[in-house]
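Notes follow once the structure below has been shown.
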There are 2 protein chains.
Amino acid sequence: MAQRLSAQRVTLISLGVADLERSGAFYKALGWQPAEELPEVTFFRLKGLMLGLIGKEALAADQGRDGAEFGAGATALAQNFGSPADVDTAFVAAVSAGATALKQPQKTEWGGYSGYYADPDGHVWEIAHNPFWPLDAEGYLAEAEDR
Amino acid sequence: MAQRLSAQRVTLISLGVADLERSGAFYKALGWQPAEELPEVTFFRLKGLMLGLIGKEALAADQGRDGAEFGAGATALAQNFGSPADVDTAFVAAVSAGATALKQPQKTEWGGYSGYYADPDGHVWEIAHNPFWPLDAEGYLAEAEDR
């Protein structure tokens with residue numbers, strides 16, 4: 001079975017949160033709809049993977065470490081959009097929903113347009129337009145054969 | 001355009017790394033094949049999204065923050081497998097490739113089987129079997145209509 005699975009895949013992105021209700025309210029305000037809401041975790045279905053909001057304590061215990069050491073990780077999740085104007089719209093919507101603006105959307109050195117915000121727990125999201133990464137109808141990166 | 005895109009999606013997972021060569025070697029040892037290798041970032045194509053290894057300094061500058069504050073984030077990325085035996089195999093392969101074992105694969109309270117390891121920069125991966133999450137042929141979560 002293992003041999004048939006692609007080696008490079010992600011099936012769950014877990015974000016540790018301090019207050020599941022507050023965090024869930026933020027993502028719902030962005031238009032996300034939960035697939036499953038359990039006492040310690042809220043799952044949102046993406047394309048072939050889940051994004052889970054999970055209590056920091058539960059995540060720490062699960063990882064066998066102390067949650068107190070959790071800080072700002074060297075990570076970012078991104079959403080790409082079809083135009084700079086769509087980036088601006090999404091950025092304003094996120095800040096309206098309670099996000100902290102880290103970097104206002106602006107032109108980038110690599111020829112795109114991008115901004116950063118942090119969710120209520122400090123998880124960083126980039127909102128970007130990349131003219132070199134075509135999107136499919138759902139907003140995912142188009143496969144080579146779709147271009 | 002913005003209205004046509006799904007609100008809940010991720011198109012890029014960025015992992016900040018201290019040494020791009022070391023980090024790239026780790027993921028390649030796991031069988032990952034880069035889609036693009038640039039001076040400051042290595043991209044791996046997933047299903048509709050990219051996973052990017054990016055220099056910590058570049059990521060910090062891009063986020064408008066000090067990279068020195070980057071520590072262990074309250075996050076985890078996961079790969080699901082079809083059986084506990086496949087989880088064991090993947091875990092051993094990761095440790096052989098240079099990962100730090102955080103939690104040996106074991107039965108979980110929620111009826112699954114999972115272990116955790118950290119990549120060379122401390123990014124946490126869960127390797128799991130979840131009998132309630134069927135996988136498609138590529139190893140991504142099966143859509144409801146596929147079950």
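Naming works like this for the structure tokens: A, B, ... for the chains as they're shown, residue 1 at the start of each chain, ligands 1 onward in shown order.
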Near chain A, which residues of chain B fall within 8 Å when you count only C-alpha atoms, and what do they look like as a ChimeraX atom specification? /B:1-2,4-17,30-33,44-49,56,59-60,63-64,67,69-82,86,102-103,116,137-143
Name the residues of chain B that come out as strand (DSSP E or B) in a backbone DSSP run; write them as a PyMOL selection string. chain B and resi 12-17+36-37+41-45+50-55+71+73+75-80+100-107+113-118+124-129+135+141
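Within 9 Å of Gly98 of chain A, once only C-alpha atoms are used and residues closer than 6 positions along the same chain are dropped, the contacting residues are Phe26, Ala29, Asp119 and Pro120 of chain A.
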Take the residues just selected and output them with N, CA and C atoms as a PDB file, in the first residue's frame.
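This is the output file part-v4.pdb:
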```pdb
ATOM      1  N   PHE A  26     -13.433  33.064  13.624  1.00  0.00           N
ATOM      2  CA  PHE A  26     -12.635  33.818  12.658  1.00  0.00           C
ATOM      3  C   PHE A  26     -12.694  33.170  11.270  1.00  0.00           C
ATOM      4  N   ALA A  29     -16.011  33.487   9.681  1.00  0.00           N
ATOM      5  CA  ALA A  29     -16.241  34.851   9.193  1.00  0.00           C
ATOM      6  C   ALA A  29     -15.609  35.058   7.823  1.00  0.00           C
ATOM      7  N   ASP A 119      -3.672  35.237  12.002  1.00  0.00           N
ATOM      8  CA  ASP A 119      -4.985  34.883  12.554  1.00  0.00           C
ATOM      9  C   ASP A 119      -4.952  35.115  14.072  1.00  0.00           C
ATOM     10  N   PRO A 120      -6.047  34.897  14.774  1.00  0.00           N
ATOM     11  CA  PRO A 120      -6.082  35.225  16.204  1.00  0.00           C
ATOM     12  C   PRO A 120      -5.012  34.530  17.053  1.00  0.00           C
TER      13      PRO A 120
END
```
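For the atom pair formed by atom CA of Ser23 of chain A and atom CA of Asp66 of chain A, the distance is 20.9 Å, given to one decimal.
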Apply DSSP to the backbone of this structure and, from chain A, keep only the residues in alpha helix (DSSP H); write these as a PyMOL selection string. chain A and resi 20-29+56-63+84-96
Selection above as a file: C-alpha atoms, as an mmCIF file, in the first residue's frame:
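Wrote it out as part_19.cif, contents follow:
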```cif
data_model
loop_
_atom_site.group_PDB
_atom_site.id
_atom_site.type_symbol
_atom_site.label_atom_id
_atom_site.label_comp_id
_atom_site.auth_asym_id
_atom_site.auth_seq_id
_atom_site.Cartn_x
_atom_site.Cartn_y
_atom_site.Cartn_z
ATOM 1 C CA LEU A 20 -11.372 27.002 19.649
ATOM 2 C CA GLU A 21 -14.557 29.062 19.631
ATOM 3 C CA ARG A 22 -12.733 32.302 18.865
ATOM 4 C CA SER A 23 -10.602 30.689 16.201
ATOM 5 C CA GLY A 24 -13.543 28.893 14.607
ATOM 6 C CA ALA A 25 -15.502 32.159 14.511
ATOM 7 C CA PHE A 26 -12.635 33.818 12.658
ATOM 8 C CA TYR A 27 -12.444 31.203 9.901
ATOM 9 C CA LYS A 28 -16.229 31.054 9.592
ATOM 10 C CA ALA A 29 -16.241 34.851 9.193
ATOM 11 C CA LYS A 56 -2.884 24.089 21.792
ATOM 12 C CA GLU A 57 -2.780 21.917 24.881
ATOM 13 C CA ALA A 58 -4.109 18.916 23.002
ATOM 14 C CA LEU A 59 -1.652 19.497 20.167
ATOM 15 C CA ALA A 60 1.259 19.833 22.576
ATOM 16 C CA ALA A 61 0.276 16.684 24.443
ATOM 17 C CA ASP A 62 -0.120 14.838 21.166
ATOM 18 C CA GLN A 63 3.364 15.903 20.078
ATOM 19 C CA PRO A 84 -4.139 42.285 -7.175
ATOM 20 C CA ALA A 85 -7.648 43.691 -6.672
ATOM 21 C CA ASP A 86 -8.833 40.311 -5.387
ATOM 22 C CA VAL A 87 -5.877 40.245 -2.988
ATOM 23 C CA ASP A 88 -6.897 43.646 -1.625
ATOM 24 C CA THR A 89 -10.487 42.468 -1.171
ATOM 25 C CA ALA A 90 -9.428 39.303 0.648
ATOM 26 C CA PHE A 91 -7.014 41.201 2.862
ATOM 27 C CA VAL A 92 -9.652 43.713 3.937
ATOM 28 C CA ALA A 93 -12.081 40.869 4.615
ATOM 29 C CA ALA A 94 -9.541 39.095 6.839
ATOM 30 C CA VAL A 95 -8.763 42.205 8.863
ATOM 31 C CA SER A 96 -12.493 42.871 9.197
#
```
Between B:Ala99, B:Asp19, B:Pro39, B:Gly112, which is the closest to Asn130 of chain B once you count only C-alpha atoms?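 Answer, going by the shortest atom-to-atom distance: B:Gly112.
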